[in-house]
Amino acid sequence: MTATPVADVRRPPKSLLATLLGVSTMTIMASATITPALPGMERHFAGEPHAQLLVRLVLTLPGLLIMISAPLLARLSGRTGRVPVLVACLALYTVGGGSGLVLDSLSGLLVGRALLGVGIAGIMTTSTALLADHHPVGEHGRVLCLQGAAMGFGGVVALLMGGVLAAGSWRGPFAVYLLAVPLLVLVLRFVPEAAVRPEEGVTGGTPWQRRSLGLYALVFLGVVAFYTVPTQAPFWLAEVGGAGPAVAGALIAAVNLVMTLVGLNYRRLRARWDFPVLATGMFAALAVGLLLIGSAGTLWVAGLGMVVVGIGIGLQNPTLNGWLVASVSPGARTRALGLLTSALFLGQFSSPLIAQPVIDAVGLGTTFVLAGVLAAVVAAALVVTCPPRRR
């Protein structure tokens, strides 16, 4: 028998839940925060060699580090405990994210962004695992839906704060990362390691089960399809309706707002439908939304498509995280979530690489349509392999 963290049957204090939800917002805020600062940053470093490329790497480098380090940090947390890894990664997040306030070289900023990526990887894997560890199985749906809502709200706040702070200086948005400091204090105060007892009757202590591999694939495909929106929508919206940066930013923020609303209502959906049905609904919403965006002739139709996409992405986090948590033993939970995180950021990293040749060949509108077709195919495959049923 092995000692494995398990959830207490009693509901933990609200302070613990609120702290872990606050920590979860840090992950979604990480990349969106500095997006409005990129033009100013490019002007500031215009004299440096390869400035255009390096400024874009400042935005994307954390995703690559998250993809690489998430499984390693998940394994480390299984040996040292989840809370020490979370605390260390919040510190890395603060130092790496806030480095843009003082550093004045692109190479230094890239090092800081690499540290930020490692911090995000540890935060994503341990915060979700701790939510599951501290709540009984019957509460997992509730807390994961609250996590999805918190992450969506964090995305809205990040876009708005980043835009406001970037108006004063390109360094301004980097101050948002300092919000991790009070959260670090709250984690030390309110988040203990989960109770440990000898594990009995738990099998499948591996993150490499057949179902787990399928869930990693679903996350990857979902993000590849969805990420055409934040990476390509500003260009398409300008082409369709002459939308400027402010309108494009507002519509992308609306996606996060819808994500928040779905998260707040997810518990009702989970009470009625099982995970395969909700995953099918997620991909169906992505398909409809992307098809609307790609076939839009006006800004309003494209905006409606983005709202529908928000429904799909709002279902993704609580559904696939919850399905994975329910599918693996507590001992394998953090490692499995680490691999899920890597799959998510591999999808983010791959999406523009896959989309660009398609855009060059058939144009932006058709690329959105093809992304919608991909999502529709995945939804159909889920219907065939996991026939829908009510709970």
# chains A, B, ... in the order shown; residues from 1 in each chain; ligands from 1
$ select_by_dssp --residues "segment 85-117 of chain A" --states "alpha helix (DSSP H)" --output "ChimeraX atom specification"
/A:85-98,106-117
$ residues_around --residues "Leu86 of chain A" --least-positions-apart "5" --cutoff "7 Å" --atoms "only C-alpha atoms" --output "list in words"
Gly122, Ile123 and Thr126 of chain A
$ residues_around --residues "Ala217 of chain A" --least-positions-apart "5" --cutoff "9 Å" --atoms "only C-alpha atoms" --output "list in words"
Ser212, Gly222, Leu340 and Ala343 of chain A
$ closest_atom_pairs --of "segment 199-277 of chain A" --to "segment 127-145 of chain A" --cutoff "7 Å" --atoms "only C-alpha atoms" --output "CSV"
residue,atom,partner,partner_atom,distance
A:Gly263,CA,A:Cys145,CA,4.8
A:Leu264,CA,A:Cys145,CA,6.3
A:Tyr266,CA,A:Cys145,CA,5.5
A:Arg267,CA,A:Arg142,CA,5.5
A:Arg270,CA,A:Gly141,CA,6.7
$ atom_distance --atom1 "atom CA of Thr27 of chain A" --atom2 "atom CA of Ala355 of chain A"
24.4 Å
$ atom_distance --atom1 "atom CA of Thr94 of chain A" --atom2 "atom CA of Gly119 of chain A"
8.4 Å
$ closest_atom_pairs --of "segment 112-202 of chain A" --to "segment 58-67 of chain A" --cutoff "6 Å" --atoms "only C-alpha atoms" --output "Markdown table"
| residue | atom | partner | partner_atom | distance |
| --- | --- | --- | --- | --- |
| A:Arg113 | CA | A:Pro62 | CA | 5.6 |
| A:Ala114 | CA | A:Pro62 | CA | 5.5 |
| A:Gly117 | CA | A:Pro62 | CA | 3.9 |
| A:Val118 | CA | A:Ile66 | CA | 5.6 |
| A:Ala121 | CA | A:Ile66 | CA | 4.8 |
$ closest_residue --among "A:Leu213, A:Leu261, A:Leu183, A:Ala379" --to "Cys89 of chain A" --atoms "only C-alpha atoms"
A:Leu183
$ select_by_dssp --residues "segment 130-371 of chain A" --states "strand (DSSP E or B)" --output "compact mmCIF listing (two decimals) with all heavy atoms, in the first residue's frame"
# COMPACT_ATOMS: atom_id res chain seq x y z
N VAL A 196 -3.27 12.69 4.28
CA VAL A 196 -2.69 11.49 3.70
C VAL A 196 -3.11 10.29 4.53
O VAL A 196 -3.04 10.30 5.75
CB VAL A 196 -1.15 11.59 3.67
CG1 VAL A 196 -0.54 10.31 3.13
CG2 VAL A 196 -0.71 12.78 2.85
N ARG A 197 -3.57 9.25 3.85
CA ARG A 197 -3.89 8.00 4.54
C ARG A 197 -3.49 6.86 3.61
O ARG A 197 -3.35 7.05 2.41
CB ARG A 197 -5.38 7.91 4.88
CG ARG A 197 -6.31 7.91 3.67
CD ARG A 197 -7.74 7.60 4.11
NE ARG A 197 -8.70 7.81 3.06
CZ ARG A 197 -8.96 6.95 2.08
NH1 ARG A 197 -8.25 5.83 1.99
NH2 ARG A 197 -9.87 7.21 1.17
N PRO A 198 -3.31 5.66 4.14
CA PRO A 198 -2.97 4.54 3.27
C PRO A 198 -4.05 4.35 2.22
O PRO A 198 -5.24 4.29 2.55
CB PRO A 198 -2.90 3.35 4.24
CG PRO A 198 -2.62 3.96 5.56
CD PRO A 198 -3.33 5.28 5.55
N TRP A 273 -25.77 15.91 -17.14
CA TRP A 273 -25.09 15.19 -18.21
C TRP A 273 -23.74 14.67 -17.75
O TRP A 273 -23.09 15.27 -16.90
CB TRP A 273 -24.89 16.10 -19.43
CG TRP A 273 -26.15 16.70 -19.96
CD1 TRP A 273 -26.59 17.97 -19.79
CD2 TRP A 273 -27.16 16.04 -20.74
NE1 TRP A 273 -27.79 18.16 -20.41
CE2 TRP A 273 -28.17 16.99 -21.01
CE3 TRP A 273 -27.30 14.75 -21.25
CZ2 TRP A 273 -29.30 16.68 -21.75
CZ3 TRP A 273 -28.42 14.44 -22.00
CH2 TRP A 273 -29.40 15.40 -22.24
$ closest_atom_pairs --of "segment 12-58 of chain A" --to "segment 154-165 of chain A" --cutoff "12 Å" --atoms "only C-alpha atoms" --output "Markdown table"
| residue | atom | partner | partner_atom | distance |
| --- | --- | --- | --- | --- |
| A:Leu21 | CA | A:Gly154 | CA | 10.1 |
| A:Gly22 | CA | A:Gly154 | CA | 8.7 |
| A:Val23 | CA | A:Gly154 | CA | 10.0 |
| A:Ser24 | CA | A:Gly154 | CA | 8.5 |
| A:Thr25 | CA | A:Gly154 | CA | 4.8 |
| A:Met26 | CA | A:Gly154 | CA | 7.1 |
| A:Thr27 | CA | A:Gly154 | CA | 8.4 |
| A:Ile28 | CA | A:Gly155 | CA | 5.6 |
| A:Met29 | CA | A:Ala158 | CA | 5.2 |
| A:Ala30 | CA | A:Ala158 | CA | 8.0 |
| A:Ser31 | CA | A:Ala158 | CA | 8.8 |
| A:Ala32 | CA | A:Leu159 | CA | 6.0 |
| A:Thr33 | CA | A:Ala158 | CA | 4.9 |
| A:Ile34 | CA | A:Gly162 | CA | 6.0 |
| A:Thr35 | CA | A:Gly162 | CA | 7.3 |
| A:Pro36 | CA | A:Gly163 | CA | 5.4 |
| A:Ala37 | CA | A:Gly162 | CA | 7.5 |
| A:Leu38 | CA | A:Gly162 | CA | 10.7 |
| A:Pro39 | CA | A:Gly163 | CA | 11.7 |
| A:Gly40 | CA | A:Leu165 | CA | 11.7 |
$ residues_around --residues "Leu178 of chain A" --least-positions-apart "2" --cutoff "8 Å" --atoms "only C-alpha atoms" --output "number ranges by chain"
A: 94, 97-98, 174-176, 180-181
$ residues_around --residues "Ala238 of chain A" --least-positions-apart "6" --cutoff "10 Å" --atoms "only C-alpha atoms" --output "list in words"
Gly244, Pro245, Val247, Ala248 and Leu299 of chain A
$ residues_around --residues "segment 324-339 of chain A" --least-positions-apart "6" --cutoff "6 Å" --atoms "only C-alpha atoms" --output "ChimeraX atom specification"
/A:4,70-71,74-75,125,129,205-207
$ write_last_selection --atoms "N, CA and C atoms" --output "CSV table (one decimal), in the first residue's frame"
chain,number,residue,atom,x,y,z
A,4,THR,N,-1.2,8.2,-0.3
A,4,THR,CA,-1.6,9.1,-1.4
A,4,THR,C,-2.5,10.1,-0.8
A,70,ALA,N,5.8,21.2,-17.3
A,70,ALA,CA,4.6,20.8,-16.5
A,70,ALA,C,4.7,19.3,-16.1
A,71,PRO,N,5.0,18.3,-16.9
A,71,PRO,CA,5.1,17.0,-16.4
A,71,PRO,C,6.2,16.8,-15.4
A,74,ALA,N,5.0,18.2,-12.1
A,74,ALA,CA,4.0,17.3,-11.6
A,74,ALA,C,4.6,16.2,-10.9
A,75,ARG,N,5.6,15.6,-11.5
A,75,ARG,CA,6.3,14.5,-10.8
A,75,ARG,C,7.0,14.9,-9.6
A,125,THR,N,-0.8,22.8,-12.6
A,125,THR,CA,-1.0,21.4,-12.2
A,125,THR,C,-1.3,21.3,-10.7
A,129,ALA,N,-5.0,20.1,-8.8
A,129,ALA,CA,-4.8,18.9,-8.0
A,129,ALA,C,-5.2,19.2,-6.5
A,205,GLY,N,-2.5,3.6,-10.9
A,205,GLY,CA,-1.8,4.7,-10.5
A,205,GLY,C,-0.8,5.2,-11.6
A,206,THR,N,-1.3,5.4,-12.8
A,206,THR,CA,-0.5,5.9,-13.8
A,206,THR,C,-1.2,6.9,-14.7
A,207,PRO,N,-0.6,7.9,-15.2
A,207,PRO,CA,-1.2,8.9,-16.0
A,207,PRO,C,-1.3,8.5,-17.5
$ closest_residue --among "A:Leu76, A:Leu101, A:Ala296, A:Cys386" --to "Arg211 of chain A" --atoms "only C-alpha atoms"
A:Cys386
$ residues_around --residues "segment 356-369 of chain A" --least-positions-apart "5" --cutoff "9 Å" --atoms "only C-alpha atoms" --output "PDB file with N, CA, C and O atoms, in the first residue's frame"
ATOM      1  N   ALA A 225      -8.032  24.081 -32.495  1.00  0.00           N
ATOM      2  CA  ALA A 225      -9.172  24.717 -33.161  1.00  0.00           C
ATOM      3  C   ALA A 225      -9.481  26.077 -32.550  1.00  0.00           C
ATOM      4  O   ALA A 225      -9.624  27.083 -33.262  1.00  0.00           O
ATOM      5  N   THR A 228      -7.270  29.553 -33.046  1.00  0.00           N
ATOM      6  CA  THR A 228      -7.376  30.389 -34.233  1.00  0.00           C
ATOM      7  C   THR A 228      -8.059  31.722 -33.906  1.00  0.00           C
ATOM      8  O   THR A 228      -7.843  32.712 -34.612  1.00  0.00           O
ATOM      9  N   VAL A 229      -8.850  31.750 -32.841  1.00  0.00           N
ATOM     10  CA  VAL A 229      -9.553  32.993 -32.484  1.00  0.00           C
ATOM     11  C   VAL A 229      -8.594  34.048 -31.940  1.00  0.00           C
ATOM     12  O   VAL A 229      -8.473  35.140 -32.517  1.00  0.00           O
ATOM     13  N   GLN A 232      -5.816  34.771 -34.834  1.00  0.00           N
ATOM     14  CA  GLN A 232      -6.189  35.203 -36.194  1.00  0.00           C
ATOM     15  C   GLN A 232      -7.405  36.129 -36.240  1.00  0.00           C
ATOM     16  O   GLN A 232      -7.595  36.849 -37.222  1.00  0.00           O
ATOM     17  N   ALA A 233      -8.239  36.122 -35.206  1.00  0.00           N
ATOM     18  CA  ALA A 233      -9.477  36.902 -35.253  1.00  0.00           C
ATOM     19  C   ALA A 233      -9.252  38.402 -35.454  1.00  0.00           C
ATOM     20  O   ALA A 233     -10.008  39.033 -36.202  1.00  0.00           O
ATOM     21  N   PHE A 235      -7.173  40.004 -37.261  1.00  0.00           N
ATOM     22  CA  PHE A 235      -6.969  40.260 -38.690  1.00  0.00           C
ATOM     23  C   PHE A 235      -8.264  40.034 -39.478  1.00  0.00           C
ATOM     24  O   PHE A 235      -8.607  40.794 -40.383  1.00  0.00           O
ATOM     25  N   TRP A 236      -9.010  38.982 -39.124  1.00  0.00           N
ATOM     26  CA  TRP A 236     -10.257  38.663 -39.827  1.00  0.00           C
ATOM     27  C   TRP A 236     -11.334  39.696 -39.521  1.00  0.00           C
ATOM     28  O   TRP A 236     -12.092  40.103 -40.398  1.00  0.00           O
ATOM     29  N   ALA A 287     -17.372  24.159 -33.070  1.00  0.00           N
ATOM     30  CA  ALA A 287     -17.622  23.997 -34.501  1.00  0.00           C
ATOM     31  C   ALA A 287     -18.570  25.065 -35.021  1.00  0.00           C
ATOM     32  O   ALA A 287     -18.299  25.734 -36.027  1.00  0.00           O
ATOM     33  N   LEU A 290     -16.890  28.655 -34.834  1.00  0.00           N
ATOM     34  CA  LEU A 290     -15.843  28.866 -35.836  1.00  0.00           C
ATOM     35  C   LEU A 290     -16.423  28.939 -37.249  1.00  0.00           C
ATOM     36  O   LEU A 290     -15.950  29.719 -38.081  1.00  0.00           O
ATOM     37  N   LEU A 291     -17.453  28.142 -37.521  1.00  0.00           N
ATOM     38  CA  LEU A 291     -18.103  28.209 -38.836  1.00  0.00           C
ATOM     39  C   LEU A 291     -18.786  29.558 -39.037  1.00  0.00           C
ATOM     40  O   LEU A 291     -18.754  30.132 -40.136  1.00  0.00           O
ATOM     41  N   LEU A 292     -19.411  30.092 -37.976  1.00  0.00           N
ATOM     42  CA  LEU A 292     -20.024  31.412 -38.068  1.00  0.00           C
ATOM     43  C   LEU A 292     -18.976  32.494 -38.328  1.00  0.00           C
ATOM     44  O   LEU A 292     -19.173  33.376 -39.164  1.00  0.00           O
ATOM     45  N   ILE A 293     -17.850  32.406 -37.611  1.00  0.00           N
ATOM     46  CA  ILE A 293     -16.794  33.405 -37.801  1.00  0.00           C
ATOM     47  C   ILE A 293     -16.264  33.343 -39.234  1.00  0.00           C
ATOM     48  O   ILE A 293     -16.118  34.369 -39.912  1.00  0.00           O
ATOM     49  N   GLY A 294     -15.971  32.135 -39.709  1.00  0.00           N
ATOM     50  CA  GLY A 294     -15.369  31.990 -41.024  1.00  0.00           C
ATOM     51  C   GLY A 294     -16.275  32.369 -42.176  1.00  0.00           C
ATOM     52  O   GLY A 294     -15.797  32.803 -43.232  1.00  0.00           O
ATOM     53  N   SER A 295     -17.600  32.212 -41.982  1.00  0.00           N
ATOM     54  CA  SER A 295     -18.543  32.534 -43.060  1.00  0.00           C
ATOM     55  C   SER A 295     -19.176  33.907 -42.893  1.00  0.00           C
ATOM     56  O   SER A 295     -20.065  34.280 -43.658  1.00  0.00           O
ATOM     57  N   ALA A 296     -18.732  34.663 -41.890  1.00  0.00           N
ATOM     58  CA  ALA A 296     -19.360  35.954 -41.575  1.00  0.00           C
ATOM     59  C   ALA A 296     -19.135  36.965 -42.689  1.00  0.00           C
ATOM     60  O   ALA A 296     -18.041  37.078 -43.242  1.00  0.00           O
ATOM     61  N   SER A 351      -1.066  25.644 -32.943  1.00  0.00           N
ATOM     62  CA  SER A 351      -2.185  26.206 -33.692  1.00  0.00           C
ATOM     63  C   SER A 351      -1.752  27.214 -34.758  1.00  0.00           C
ATOM     64  O   SER A 351      -2.125  27.073 -35.931  1.00  0.00           O
ATOM     65  N   LEU A 374     -12.896  20.634 -38.179  1.00  0.00           N
ATOM     66  CA  LEU A 374     -12.112  19.784 -37.280  1.00  0.00           C
ATOM     67  C   LEU A 374     -12.867  19.545 -35.976  1.00  0.00           C
ATOM     68  O   LEU A 374     -12.967  18.409 -35.496  1.00  0.00           O
TER      69      LEU A 374
END
$ closest_residue --among "A:Gly148, A:Pro173, A:Gly312, A:Gly242" --to "Gly297 of chain A" --atoms "only C-alpha atoms"
A:Gly242
$ atom_distance --atom1 "atom CA of Gly314 of chain A" --atom2 "atom CA of Val262 of chain A"
5.4 Å
$ closest_residue --among "A:Val383, A:Ile120, A:Ala149, A:Ile313" --to "Ile68 of chain A" --atoms "only C-alpha atoms"
A:Ile120
$ decode --residues "segment 78-101 of chain A" --atoms "N, CA, C and O atoms" --output "short mmCIF file (atom, residue, chain, number, x, y, z; two decimals), in the first residue's frame"
data_model
loop_
_atom_site.label_atom_id
_atom_site.label_comp_id
_atom_site.auth_asym_id
_atom_site.auth_seq_id
_atom_site.Cartn_x
_atom_site.Cartn_y
_atom_site.Cartn_z
N GLY A 78 4.68 15.20 -6.67
CA GLY A 78 4.32 13.91 -6.09
C GLY A 78 5.32 13.44 -5.05
O GLY A 78 4.99 12.65 -4.17
N ARG A 79 6.56 13.96 -5.13
CA ARG A 79 7.60 13.56 -4.17
C ARG A 79 7.72 14.53 -3.01
O ARG A 79 7.95 14.13 -1.87
N THR A 80 7.59 15.82 -3.29
CA THR A 80 7.81 16.82 -2.24
C THR A 80 6.52 17.36 -1.64
O THR A 80 6.55 18.03 -0.61
N GLY A 81 5.38 17.08 -2.29
CA GLY A 81 4.12 17.68 -1.89
C GLY A 81 3.71 18.76 -2.86
O GLY A 81 4.56 19.41 -3.49
N ARG A 82 2.41 18.98 -2.99
CA ARG A 82 1.92 19.95 -3.96
C ARG A 82 2.14 21.40 -3.50
O ARG A 82 2.46 22.27 -4.29
N VAL A 83 1.96 21.66 -2.22
CA VAL A 83 2.04 23.03 -1.72
C VAL A 83 3.44 23.63 -1.87
O VAL A 83 3.57 24.78 -2.33
N PRO A 84 4.53 22.92 -1.53
CA PRO A 84 5.86 23.52 -1.76
C PRO A 84 6.11 23.88 -3.22
O PRO A 84 6.71 24.92 -3.51
N VAL A 85 5.65 23.02 -4.14
CA VAL A 85 5.83 23.33 -5.56
C VAL A 85 5.00 24.55 -5.95
O VAL A 85 5.45 25.43 -6.69
N LEU A 86 3.77 24.64 -5.43
CA LEU A 86 2.92 25.79 -5.73
C LEU A 86 3.55 27.08 -5.22
O LEU A 86 3.58 28.10 -5.93
N VAL A 87 4.07 27.05 -4.01
CA VAL A 87 4.70 28.25 -3.43
C VAL A 87 5.91 28.67 -4.26
O VAL A 87 6.08 29.86 -4.59
N ALA A 88 6.77 27.71 -4.60
CA ALA A 88 7.96 28.03 -5.39
C ALA A 88 7.59 28.58 -6.76
O ALA A 88 8.22 29.52 -7.26
N CYS A 89 6.55 28.03 -7.36
CA CYS A 89 6.16 28.47 -8.70
C CYS A 89 5.47 29.83 -8.68
O CYS A 89 5.59 30.60 -9.64
N LEU A 90 4.76 30.15 -7.60
CA LEU A 90 4.24 31.50 -7.46
C LEU A 90 5.37 32.52 -7.35
O LEU A 90 5.29 33.64 -7.88
N ALA A 91 6.44 32.14 -6.66
CA ALA A 91 7.60 33.02 -6.57
C ALA A 91 8.25 33.21 -7.94
O ALA A 91 8.61 34.34 -8.32
N LEU A 92 8.40 32.13 -8.70
CA LEU A 92 8.95 32.23 -10.05
C LEU A 92 8.06 33.10 -10.94
O LEU A 92 8.54 33.90 -11.74
N TYR A 93 6.76 32.93 -10.79
CA TYR A 93 5.78 33.71 -11.56
C TYR A 93 5.97 35.20 -11.28
O TYR A 93 5.96 36.03 -12.20
N THR A 94 6.14 35.54 -10.01
CA THR A 94 6.29 36.95 -9.62
C THR A 94 7.58 37.55 -10.18
O THR A 94 7.58 38.63 -10.79
N VAL A 95 8.69 36.81 -10.00
CA VAL A 95 9.99 37.31 -10.46
C VAL A 95 10.04 37.37 -11.98
O VAL A 95 10.43 38.38 -12.58
N GLY A 96 9.64 36.27 -12.63
CA GLY A 96 9.70 36.23 -14.08
C GLY A 96 8.72 37.19 -14.73
O GLY A 96 9.06 37.91 -15.68
N GLY A 97 7.49 37.24 -14.23
CA GLY A 97 6.49 38.11 -14.82
C GLY A 97 6.78 39.57 -14.57
O GLY A 97 6.65 40.41 -15.47
N GLY A 98 7.20 39.90 -13.36
CA GLY A 98 7.46 41.30 -13.02
C GLY A 98 8.77 41.83 -13.53
O GLY A 98 9.04 43.03 -13.43
N SER A 99 9.61 40.95 -14.12
CA SER A 99 10.93 41.39 -14.59
C SER A 99 10.84 42.46 -15.67
O SER A 99 11.75 43.27 -15.82
N GLY A 100 9.72 42.48 -16.41
CA GLY A 100 9.56 43.48 -17.46
C GLY A 100 9.47 44.90 -16.93
O GLY A 100 9.61 45.86 -17.69
N LEU A 101 9.25 45.06 -15.63
CA LEU A 101 9.19 46.39 -15.05
C LEU A 101 10.57 47.03 -14.94
O LEU A 101 10.69 48.26 -14.86
#
